[in-house]
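Engineer: Provided herewith: target.cif, mmCIF, C-alpha atoms and all ligand atoms.
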data_work
loop_
_atom_site.label_atom_id
_atom_site.label_comp_id
_atom_site.auth_asym_id
_atom_site.auth_seq_id
_atom_site.Cartn_x
_atom_site.Cartn_y
_atom_site.Cartn_z
CA MET A 7 12.42 7.12 45.97
CA LYS A 8 11.13 4.88 43.16
CA ILE A 9 9.20 6.55 40.36
CA PRO A 10 8.07 4.46 37.41
CA LEU A 11 7.69 5.97 33.93
CA LEU A 12 3.98 5.26 34.23
CA ASP A 13 1.93 4.06 37.21
CA LEU A 14 -1.48 2.85 36.09
CA LYS A 15 -2.39 1.57 39.55
CA GLU A 16 -2.77 5.17 40.71
CA GLN A 17 -5.29 5.79 37.95
CA TYR A 18 -7.17 2.58 38.61
CA ALA A 19 -7.66 2.98 42.37
CA PRO A 20 -10.41 5.65 42.29
CA LEU A 21 -12.16 3.93 39.35
CA ARG A 22 -12.05 0.45 40.80
CA GLU A 23 -15.69 0.05 41.80
CA GLN A 24 -17.06 1.57 38.62
CA MET A 25 -14.74 -0.54 36.51
CA HIS A 26 -15.81 -3.75 38.20
CA LYS A 27 -19.45 -2.88 37.66
CA ALA A 28 -18.92 -2.14 33.97
CA LEU A 29 -17.03 -5.37 33.37
CA ASP A 30 -19.49 -7.38 35.43
CA LYS A 31 -22.29 -6.20 33.17
CA ILE A 32 -20.50 -7.66 30.17
CA LEU A 33 -19.67 -10.89 31.98
CA GLU A 34 -23.30 -11.35 33.01
CA SER A 35 -24.48 -10.70 29.45
CA GLN A 36 -21.87 -13.06 27.93
CA HIS A 37 -21.91 -10.87 24.80
CA PHE A 38 -18.27 -10.19 24.10
CA ILE A 39 -18.18 -8.99 20.50
CA GLY A 40 -19.71 -5.65 19.54
CA GLY A 41 -22.85 -4.60 21.37
CA GLU A 42 -24.11 -1.65 23.38
CA ASP A 43 -20.84 -0.54 24.93
CA VAL A 44 -18.95 -0.58 21.64
CA ASP A 45 -21.71 1.49 20.00
CA ALA A 46 -21.84 3.89 22.95
CA LEU A 47 -18.06 4.31 23.10
CA GLU A 48 -17.99 5.10 19.38
CA ARG A 49 -20.67 7.76 19.85
CA GLU A 50 -18.90 9.23 22.88
CA ILE A 51 -15.47 9.40 21.24
CA ALA A 52 -16.90 10.85 18.02
CA ASP A 53 -18.61 13.56 20.10
CA TYR A 54 -15.50 14.13 22.19
CA SER A 55 -13.35 14.47 19.07
CA GLY A 56 -15.86 16.66 17.24
CA VAL A 57 -16.29 14.27 14.29
CA SER A 58 -19.32 12.54 12.82
CA ASP A 59 -18.21 8.92 13.04
CA ALA A 60 -16.04 6.52 15.00
CA VAL A 61 -15.31 2.85 14.38
CA GLY A 62 -13.88 0.76 17.21
CA VAL A 63 -11.12 -1.63 16.16
CA SER A 64 -8.73 -4.10 17.76
CA SER A 65 -5.67 -1.83 18.10
CA GLY A 66 -4.10 1.39 16.91
CA THR A 67 -2.06 -0.68 14.48
CA ASP A 68 -5.19 -2.26 13.03
CA ALA A 69 -6.80 1.17 12.84
CA LEU A 70 -3.95 2.23 10.54
CA LEU A 71 -4.05 -0.93 8.45
CA ALA A 72 -7.86 -0.92 8.12
CA SER A 73 -7.77 2.76 7.12
CA LEU A 74 -5.21 2.11 4.37
CA MET A 75 -7.32 -0.79 3.12
CA ALA A 76 -10.57 1.18 3.26
CA LEU A 77 -9.00 4.06 1.34
CA GLY A 78 -7.78 1.66 -1.33
CA VAL A 79 -4.08 2.13 -0.71
CA ASN A 80 -3.49 -1.61 -0.30
CA ARG A 81 -2.29 -3.87 -3.08
CA SER A 82 -4.14 -6.94 -4.29
CA PRO A 83 -2.30 -10.07 -5.47
CA LEU A 84 -3.65 -9.32 -8.96
CA ASP A 85 -2.22 -5.81 -9.15
CA GLU A 86 0.53 -5.31 -11.67
CA GLY A 87 3.16 -2.63 -11.83
CA PRO A 88 4.86 -0.74 -9.05
CA SER A 89 3.24 -0.48 -5.63
CA ALA A 90 1.65 2.61 -4.14
CA GLU A 91 3.74 4.93 -1.98
CA VAL A 92 2.76 6.43 1.36
CA ILE A 93 4.63 9.35 2.92
CA ILE A 94 5.39 9.02 6.63
CA PRO A 95 7.87 10.49 9.10
CA SER A 96 11.14 8.58 9.59
CA TYR A 97 10.81 8.99 13.36
CA THR A 98 7.74 7.47 15.02
CA PHE A 99 6.59 4.20 16.51
CA PHE A 100 7.14 1.31 14.09
CA ALA A 101 3.42 0.62 13.49
CA THR A 102 3.05 3.60 11.16
CA ALA A 103 5.55 2.14 8.71
CA GLY A 104 4.72 -1.50 9.37
CA CYS A 105 1.11 -1.00 8.32
CA VAL A 106 2.10 0.69 5.07
CA TRP A 107 4.37 -2.24 4.27
CA ARG A 108 1.72 -4.84 5.21
CA ALA A 109 -0.78 -3.09 2.94
CA GLY A 110 1.68 -3.76 0.13
CA ALA A 111 2.66 -0.12 -0.24
CA LYS A 112 6.08 1.44 0.01
CA PRO A 113 6.84 3.68 2.98
CA VAL A 114 8.50 6.89 1.79
CA PHE A 115 10.21 8.55 4.72
CA VAL A 116 10.46 12.27 5.44
CA ASP A 117 12.64 13.76 8.18
CA ILE A 118 11.16 15.45 11.25
CA ASP A 119 11.12 19.03 12.40
CA PRO A 120 13.79 19.05 15.15
CA LYS A 121 11.64 21.29 17.36
CA THR A 122 8.38 19.33 17.48
CA TYR A 123 9.66 15.87 16.38
CA ASN A 124 6.75 15.76 13.92
CA ILE A 125 7.07 15.33 10.15
CA ASP A 126 8.76 18.32 8.48
CA SER A 127 5.96 19.50 6.22
CA SER A 128 8.38 21.51 4.06
CA GLN A 129 10.09 18.31 2.92
CA ILE A 130 6.97 16.42 1.83
CA GLU A 131 6.28 17.82 -1.61
CA SER A 132 9.66 16.82 -3.06
CA LYS A 133 8.92 13.17 -2.17
CA ILE A 134 5.69 12.97 -4.16
CA THR A 135 5.65 10.78 -7.29
CA GLU A 136 2.82 9.57 -9.54
CA ARG A 137 2.59 6.53 -7.26
CA THR A 138 2.03 8.48 -4.04
CA LYS A 139 -1.40 7.67 -2.63
CA ALA A 140 -1.43 9.00 0.91
CA ILE A 141 0.33 10.99 3.61
CA MET A 142 0.30 9.65 7.17
CA PRO A 143 1.40 12.39 9.56
CA VAL A 144 1.90 11.30 13.17
CA HIS A 145 0.86 13.53 16.08
CA LEU A 146 3.86 12.46 18.13
CA TYR A 147 3.99 12.62 21.95
CA GLY A 148 0.56 14.27 22.05
CA GLN A 149 1.14 17.26 19.78
CA CYS A 150 -0.47 17.75 16.36
CA ALA A 151 1.64 17.70 13.21
CA ASP A 152 1.78 20.80 10.99
CA MET A 153 -1.55 19.99 9.34
CA GLY A 154 -2.13 23.18 7.30
CA PRO A 155 0.61 22.62 4.69
CA ILE A 156 0.04 18.85 4.77
CA LEU A 157 -3.62 19.26 3.83
CA ASP A 158 -2.71 21.79 1.10
CA ILE A 159 -0.25 19.34 -0.47
CA ALA A 160 -2.75 16.48 -0.20
CA LYS A 161 -5.37 18.56 -1.96
CA LYS A 162 -2.99 19.66 -4.70
CA TYR A 163 -1.95 16.08 -5.51
CA ASN A 164 -5.24 14.39 -4.60
CA LEU A 165 -3.78 12.29 -1.77
CA ALA A 166 -5.52 10.69 1.20
CA VAL A 167 -4.46 11.88 4.65
CA ILE A 168 -4.51 9.36 7.50
CA GLU A 169 -3.62 10.95 10.83
CA ASP A 170 -1.75 8.64 13.20
CA GLY A 171 -3.33 9.97 16.38
CA ALA A 172 -2.35 6.99 18.54
CA GLN A 173 -0.61 9.31 21.02
CA ALA A 174 -2.94 12.25 20.65
CA ILE A 175 -6.62 11.71 21.46
CA GLY A 176 -8.14 15.12 22.15
CA ALA A 177 -5.04 17.10 21.13
CA SER A 178 -5.91 20.11 19.00
CA ARG A 179 -4.38 22.54 16.53
CA ASN A 180 -5.99 25.94 16.01
CA GLY A 181 -8.94 24.59 17.98
CA VAL A 182 -9.47 21.56 15.71
CA LYS A 183 -9.08 18.21 17.42
CA VAL A 184 -7.26 15.16 16.08
CA GLY A 185 -9.56 13.47 13.56
CA GLY A 186 -10.82 16.75 12.16
CA PHE A 187 -8.00 17.20 9.63
CA GLY A 188 -7.49 14.21 7.36
CA ASN A 189 -9.78 11.61 5.78
CA CYS A 190 -9.58 9.89 9.15
CA ALA A 191 -7.47 9.59 12.29
CA CYS A 192 -6.35 6.43 14.07
CA LEU A 193 -6.44 6.20 17.85
CA SER A 194 -4.82 3.62 20.11
CA PHE A 195 -6.04 2.43 23.50
CA PHE A 196 -2.80 0.64 24.33
CA PRO A 197 -2.55 0.93 28.13
CA SER A 198 0.24 3.56 28.04
CA LYS A 199 -1.71 5.97 25.84
CA ASN A 200 -3.68 8.83 27.44
CA LEU A 201 -6.87 6.79 27.13
CA GLY A 202 -5.60 3.30 27.89
CA GLY A 203 -7.73 0.16 27.77
CA LEU A 204 -7.51 -3.13 29.62
CA GLY A 205 -5.46 -4.56 26.80
CA ASP A 206 -5.29 -3.72 23.10
CA GLY A 207 -7.85 -1.57 21.35
CA GLY A 208 -8.13 1.26 18.86
CA MET A 209 -10.50 3.43 16.87
CA VAL A 210 -10.77 5.19 13.55
CA ILE A 211 -12.49 8.57 13.76
CA THR A 212 -13.66 10.49 10.70
CA ASN A 213 -16.04 13.05 9.25
CA ASP A 214 -16.60 10.80 6.21
CA SER A 215 -19.63 8.63 6.95
CA ALA A 216 -19.16 6.53 3.80
CA LEU A 217 -15.59 5.75 4.87
CA ALA A 218 -16.85 4.85 8.36
CA GLU A 219 -19.36 2.46 6.82
CA LYS A 220 -16.63 0.81 4.79
CA LEU A 221 -14.48 0.50 7.92
CA ARG A 222 -17.35 -1.18 9.78
CA GLN A 223 -17.35 -3.85 7.08
CA MET A 224 -13.56 -3.90 6.86
CA ARG A 225 -13.24 -4.77 10.55
CA ASN A 226 -15.51 -7.74 9.96
CA HIS A 227 -13.87 -9.42 6.95
CA GLY A 228 -15.55 -7.07 4.48
CA MET A 229 -18.75 -8.88 5.29
CA ALA A 230 -22.28 -7.60 4.62
CA PRO A 231 -24.71 -9.22 4.73
CA LYS A 232 -23.52 -12.16 6.79
CA TYR A 233 -21.21 -14.53 4.86
CA TYR A 234 -21.20 -12.34 1.76
CA HIS A 235 -17.95 -10.49 1.08
CA LYS A 236 -17.69 -7.55 -1.31
CA PHE A 237 -14.02 -7.00 -0.47
CA VAL A 238 -11.35 -8.57 1.72
CA GLY A 239 -11.13 -7.18 5.24
CA GLY A 240 -9.94 -8.68 8.49
CA ASN A 241 -10.92 -9.33 12.08
CA PHE A 242 -10.28 -5.84 13.38
CA ARG A 243 -13.08 -5.72 15.95
CA LEU A 244 -13.07 -4.06 19.37
CA ASP A 245 -14.12 -6.26 22.31
CA ALA A 246 -17.11 -5.38 24.47
CA LEU A 247 -14.97 -5.67 27.62
CA GLN A 248 -12.53 -3.10 26.24
CA ALA A 249 -15.31 -0.72 25.28
CA ALA A 250 -16.93 -1.01 28.71
CA GLY A 251 -13.62 -0.30 30.46
CA LEU A 252 -12.79 2.61 28.17
CA ARG A 253 -16.17 4.21 28.82
CA VAL A 254 -15.30 4.38 32.52
CA LYS A 255 -12.08 6.23 31.72
CA LEU A 256 -13.18 8.53 28.89
CA PRO A 257 -14.84 11.16 31.13
CA HIS A 258 -11.43 11.72 32.78
CA VAL A 259 -9.19 12.19 29.73
CA ASP A 260 -9.32 15.99 29.72
CA GLU A 261 -8.58 16.19 33.43
CA TRP A 262 -5.67 13.77 33.00
CA ALA A 263 -4.30 15.76 30.06
CA HIS A 264 -4.54 18.89 32.19
CA MET A 265 -2.61 17.23 35.02
CA ARG A 266 0.05 16.06 32.56
CA SER A 267 0.30 19.57 31.22
CA ASN A 268 0.80 20.93 34.76
CA ASN A 269 3.53 18.37 35.32
CA ALA A 270 5.18 19.48 32.09
CA ALA A 271 5.05 23.09 33.25
CA PHE A 272 6.77 22.07 36.48
CA TYR A 273 9.61 20.37 34.62
CA ASN A 274 9.87 23.25 32.12
CA ALA A 275 10.39 25.69 34.97
CA ALA A 276 12.86 23.38 36.72
CA PHE A 277 14.96 22.98 33.55
CA ALA A 278 14.64 26.56 32.32
CA ASP A 279 18.08 27.65 33.55
CA ASN A 280 19.89 24.52 32.43
CA PRO A 281 21.49 25.16 29.01
CA ASN A 282 22.13 21.42 28.52
CA ILE A 283 18.46 20.45 28.56
CA LYS A 284 16.19 21.08 25.61
CA ILE A 285 12.61 21.00 26.88
CA PRO A 286 9.65 20.07 24.66
CA TYR A 287 8.64 22.75 22.16
CA ILE A 288 4.88 23.04 21.79
CA ASP A 289 3.83 25.04 18.73
CA PRO A 290 1.64 27.95 19.93
CA ALA A 291 -1.19 26.74 17.65
CA ASN A 292 -1.19 23.38 19.43
CA ARG A 293 -2.71 22.07 22.59
CA SER A 294 -0.63 19.04 23.55
CA ILE A 295 -1.99 16.21 25.66
CA TYR A 296 1.59 15.32 26.71
CA ASN A 297 1.43 11.60 26.13
CA GLN A 298 5.18 11.85 26.65
CA TYR A 299 7.50 14.51 28.06
CA ILE A 300 10.65 14.41 25.96
CA ILE A 301 13.90 16.17 26.73
CA SER A 302 17.01 16.32 24.58
CA VAL A 303 20.44 16.27 26.26
CA PRO A 304 24.05 15.95 25.04
CA ASN A 305 24.78 12.76 27.02
CA ARG A 306 21.47 10.95 26.85
CA ASP A 307 22.73 7.46 27.63
CA GLY A 308 24.61 8.75 30.68
CA LEU A 309 21.49 10.51 31.93
CA LEU A 310 19.39 7.41 31.36
CA GLU A 311 21.76 5.34 33.48
CA HIS A 312 21.92 8.01 36.19
CA LEU A 313 18.12 8.21 36.43
CA ARG A 314 17.60 4.46 36.46
CA ASN A 315 20.26 4.11 39.18
CA ASN A 316 18.19 6.60 41.17
CA GLY A 317 14.95 4.67 40.78
CA ILE A 318 13.46 6.82 38.04
CA GLY A 319 11.73 5.13 35.11
CA CYS A 320 12.62 6.64 31.77
CA GLU A 321 12.57 5.43 28.20
CA ILE A 322 14.02 6.12 24.77
CA TYR A 323 11.29 6.81 22.19
CA TYR A 324 12.79 5.71 19.78
CA PRO A 325 16.40 4.47 19.68
CA LEU A 326 16.52 3.71 15.93
CA PRO A 327 14.72 5.74 13.25
CA LEU A 328 12.56 3.79 10.82
CA HIS A 329 14.75 4.27 7.75
CA LEU A 330 17.57 2.45 9.55
CA GLN A 331 15.49 -0.54 10.71
CA GLU A 332 16.77 -3.85 9.42
CA CYS A 333 13.42 -4.82 7.91
CA PHE A 334 13.48 -1.72 5.70
CA ALA A 335 17.04 -2.21 4.47
CA PRO A 336 15.72 -3.20 1.00
CA LEU A 337 14.37 0.34 0.66
CA GLY A 338 17.98 1.50 0.42
CA TYR A 339 18.10 4.30 2.98
CA ARG A 340 21.40 5.16 4.67
CA ARG A 341 22.57 6.73 7.92
CA GLY A 342 22.75 10.46 7.29
CA ASP A 343 19.59 10.53 5.14
CA PHE A 344 17.45 12.02 7.92
CA PRO A 345 19.74 13.86 10.33
CA ASN A 346 17.00 15.25 12.59
CA SER A 347 15.51 11.80 13.15
CA GLU A 348 18.94 10.37 13.81
CA TYR A 349 19.79 13.18 16.23
CA ALA A 350 16.52 12.67 18.14
CA ALA A 351 17.12 8.93 18.37
CA GLU A 352 20.49 9.60 20.01
CA HIS A 353 19.66 12.49 22.32
CA THR A 354 16.09 12.31 23.58
CA LEU A 355 14.64 10.74 26.70
CA ALA A 356 11.11 10.44 28.08
CA LEU A 357 10.60 11.35 31.76
CA PRO A 358 7.66 10.31 33.96
CA ILE A 359 4.73 12.64 33.18
CA TYR A 360 1.67 10.61 34.26
CA PRO A 361 -1.14 12.62 35.86
CA GLU A 362 -0.92 11.36 39.44
CA LEU A 363 2.74 12.32 40.02
CA THR A 364 3.11 14.26 43.26
CA ARG A 365 4.99 17.50 43.68
CA GLU A 366 7.70 15.63 45.61
CA GLN A 367 8.10 13.07 42.86
CA LEU A 368 8.35 15.77 40.20
CA ASP A 369 10.85 17.63 42.30
CA TYR A 370 12.94 14.49 42.80
CA VAL A 371 13.01 13.73 39.06
CA ALA A 372 13.89 17.34 38.19
CA LYS A 373 16.73 17.42 40.76
CA ARG A 374 18.22 14.15 39.55
CA VAL A 375 18.05 15.34 35.92
CA ASN A 376 19.57 18.74 36.68
CA GLU A 377 22.41 17.34 38.79
CA PHE A 378 23.54 15.17 35.87
CA ALA A 379 22.84 17.33 32.85
C1 LIG B 1 0.93 3.16 19.99
C2 LIG B 1 1.12 3.62 18.62
C3 LIG B 1 0.60 2.94 17.51
C4 LIG B 1 -0.01 1.57 17.60
O1 LIG B 1 -1.03 1.42 18.50
P1 LIG B 1 -1.33 -0.02 19.13
O2 LIG B 1 -2.66 0.17 19.78
O3 LIG B 1 -0.25 -0.32 20.09
O4 LIG B 1 -1.39 -1.01 18.01
C5 LIG B 1 0.72 3.52 16.26
N1 LIG B 1 1.35 4.69 16.09
C6 LIG B 1 1.89 5.37 17.12
C7 LIG B 1 2.54 6.68 16.86
C8 LIG B 1 1.80 4.85 18.42
O5 LIG B 1 2.35 5.52 19.43
#
Go ahead and render the structure in this file as C-alpha cells.
Structural biologist:
Amino acid sequence: MKIPLLDLKEQYAPLREQMHKALDKILESQHFIGGEDVDALEREIADYSGVSDAVGVSSGTDALLASLMALGVNRSPLDEGPSAEVIIPSYTFFATAGCVWRAGAKPVFVDIDPKTYNIDSSQIESKITERTKAIMPVHLYGQCADMGPILDIAKKYNLAVIEDGAQAIGASRNGVKVGGFGNCACLSFFPSKNLGGLGDGGMVITNDSALAEKLRQMRNHGMAPKYYHKFVGGNFRLDALQAAGLRVKLPHVDEWAHMRSNNAAFYNAAFADNPNIKIPYIDPANRSIYNQYIISVPNRDGLLEHLRNNGIGCEIYYPLPLHLQECFAPLGYRRGDFPNSEYAAEHTLALPIYPELTREQLDYVAKRVNEFA
C-alpha cells in the first residue's frame, strides 16, 4: 500500500467541475488583481472566523510581515537605537521568525509547552524588556496557543498580539475562533494547510477595522489615493484566481476538519496501549482542526525510515528549532537553551491525517507504526 502524507487529488476530484467554472469566470473577465472574488472571500472568511474584517494577501508569510509593518513594529532606515523585540516560540515554521527579522526587529525565543508544542505562556513575561513590542503566538498543528495568559501579559505591558494562525483556520479556544484573540491573526492558504489554495495565498483577519484599512493600503505599497504613498508597504496582494478557487473550498473546511478529527481519534485508539507512542495532547478548552497529527517516539528516525520503506508518507515538523538555525547564530542562542523545542525536533513525526483517508489506510498506518514503536 502507498499512502502519501497528503493527497490533494482526492479533495479535488469532487470539486473539479465547480473549480473549473470559478476559474473560467476569472479567465473570461481577464481581471486578475483584486475584484469581486477577493472581496467576497474576505467577507466569507471574516464571517466564518467571527471577526469584523479580513484582508487577502499573497501568502501567510506576507500576512505576518504586513501585520508587523501595519502595527508599527518594523524599523525604518532612519531609526536610531536598538531594534524592537518580538516574542515568538522557538519551535514553529521558519516564517514566524523570518518575518520578525525582515521587519528589522529581533526575534526573542520562548520554549514550548511539551504537551501542546505551543509557546509556554509561563515563560513569556521574563523575556519582556522595554524594547518588546509584540508577542506572536503560533497555533501549531491546528490547536490554539494558551491565549488567556498571553493576552493578560500583552495588556499589562501594552504589547501587540499577532496570532500566527497559518495552520489553524477555524480552530477555537473556549469557543473563540482564531483571529478573535489578538490584534489580528494571519492565515495561510499554502496548499498543505486545511484551506489550501491553487498556489500561495494568505489573509489577515481582525476585529480592528482601522488596522484592516491600514493593511489594505499596506498590501498595495501603502498607496492611497493612486500613486500617493503615506507609508512604505509592499505588493502583498491576493490574486483573483486564488480567491475564486478558495471560495469553492471554503464551504468544506469544517467537514474536512471533522474528518481529520475522526482520523485522529482512530489513531489515538490504535496507539492507546503502546507506551512508546505519545499521541497529540489537545487542551480540553481547544477544538483542533488537526492540520497535522504529531506523535512523539523514542526512536523517531528509525520509525521514519520504517514507515517510508512501507510506502507511508511522513514528515518531521521541524527538525531544527529556530534558535539553532544558522541564520540566527548572531543572536547567540545555544543548544540546551530550549530543551522542549529541542526534544520535539528530535522525537516527533507527522503521520498522514488528510480527510479522505480510508479506514484501511488508517489501519495500515497504525499497524506499521505499532509494529515498530
Ligand atoms: C505555513 C506557515 C506559515 C507561512 O505561510 P505561507 O503561506 O507558506 O507563506 C507561517 N507560519 C506557520 C506556522 C506556517 O505553518
Engineer: Work out how far apart atom CA of Glu169 of chain A and atom CA of Ala140 of chain A are and give it in Å to one decimal.
Structural biologist: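 Here the two named atoms are 10.3 Å from each other.
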Engineer: Hey, can I get the axis-aligned box for segment 295-303 of chain A? All listed atoms, 6 Å padding on each side, centre and edge lengths in Å to one decimal, as lines of an AutoDock Vina configuration file.
Structural biologist:
center_x = 9.2
center_y = 14.0
center_z = 26.3
size_x = 34.4
size_y = 16.7
size_z = 15.5
Engineer: Which residue out of A:Glu48, A:Asp343, A:Glu219, A:Glu377 has the minimum interatomic distance to Leu77 of chain A when only C-alpha atoms are used?
Structural biologist: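 Using only C-alpha atoms, Leu77 of chain A sits closest to A:Glu219.
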Engineer: I need the residue nearest Leu193 of chain A from this list: A:Pro304, A:Gly110, A:Gly62, A:Pro120. Use all atoms listed in the file for the distance.
Structural biologist: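 The shortest atom-to-atom distance to Leu193 of chain A comes from A:Gly62.
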Engineer: With a cut-off of 8 Å, could you pull out the residues of chain A touching ligand LIG 1 (chain B) and give me the nearest pair of atoms for each, distance in Å to one decimal, using all atoms listed in the file, ordered by chain and ascending number, as a tab-separated table?
Structural biologist:
residue	atom	partner	partner_atom	distance
A:Ser64	CA	B:LIG1	O2	7.7
A:Ser65	CA	B:LIG1	O2	4.0
A:Gly66	CA	B:LIG1	O2	3.4
A:Thr67	CA	B:LIG1	O4	3.6
A:Asp68	CA	B:LIG1	O4	6.4
A:Ala69	CA	B:LIG1	O4	7.8
A:Leu70	CA	B:LIG1	C5	7.5
A:Thr98	CA	B:LIG1	C7	5.6
A:Phe99	CA	B:LIG1	C7	4.8
A:Phe100	CA	B:LIG1	N1	7.0
A:Ala101	CA	B:LIG1	C5	4.8
A:Thr102	CA	B:LIG1	N1	5.3
A:Val144	CA	B:LIG1	C7	5.9
A:His145	CA	B:LIG1	C7	7.1
A:Leu146	CA	B:LIG1	C7	6.1
A:Tyr147	CA	B:LIG1	O5	7.7
A:Asp170	CA	B:LIG1	N1	5.8
A:Gly171	CA	B:LIG1	C7	6.7
A:Ala172	CA	B:LIG1	C8	4.7
A:Gln173	CA	B:LIG1	O5	5.1
A:Cys192	CA	B:LIG1	C5	8.0
A:Leu193	CA	B:LIG1	O1	7.2
A:Ser194	CA	B:LIG1	O2	4.1
A:Phe195	CA	B:LIG1	O2	5.5
A:Phe196	CA	B:LIG1	O2	4.6
A:Lys199	CA	B:LIG1	C1	7.0
A:Asp206	CA	B:LIG1	O2	5.8
A:Gly207	CA	B:LIG1	O2	5.7
A:Gly208	CA	B:LIG1	O2	5.7
Engineer: Could you check how far atom CA of Tyr299 of chain A sits from atom CA of Ala356 of chain A, in Å to one decimal?
Structural biologist: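 Spanning atom CA of Tyr299 of chain A to atom CA of Ala356 of chain A is a straight-line distance of 5.4 Å.
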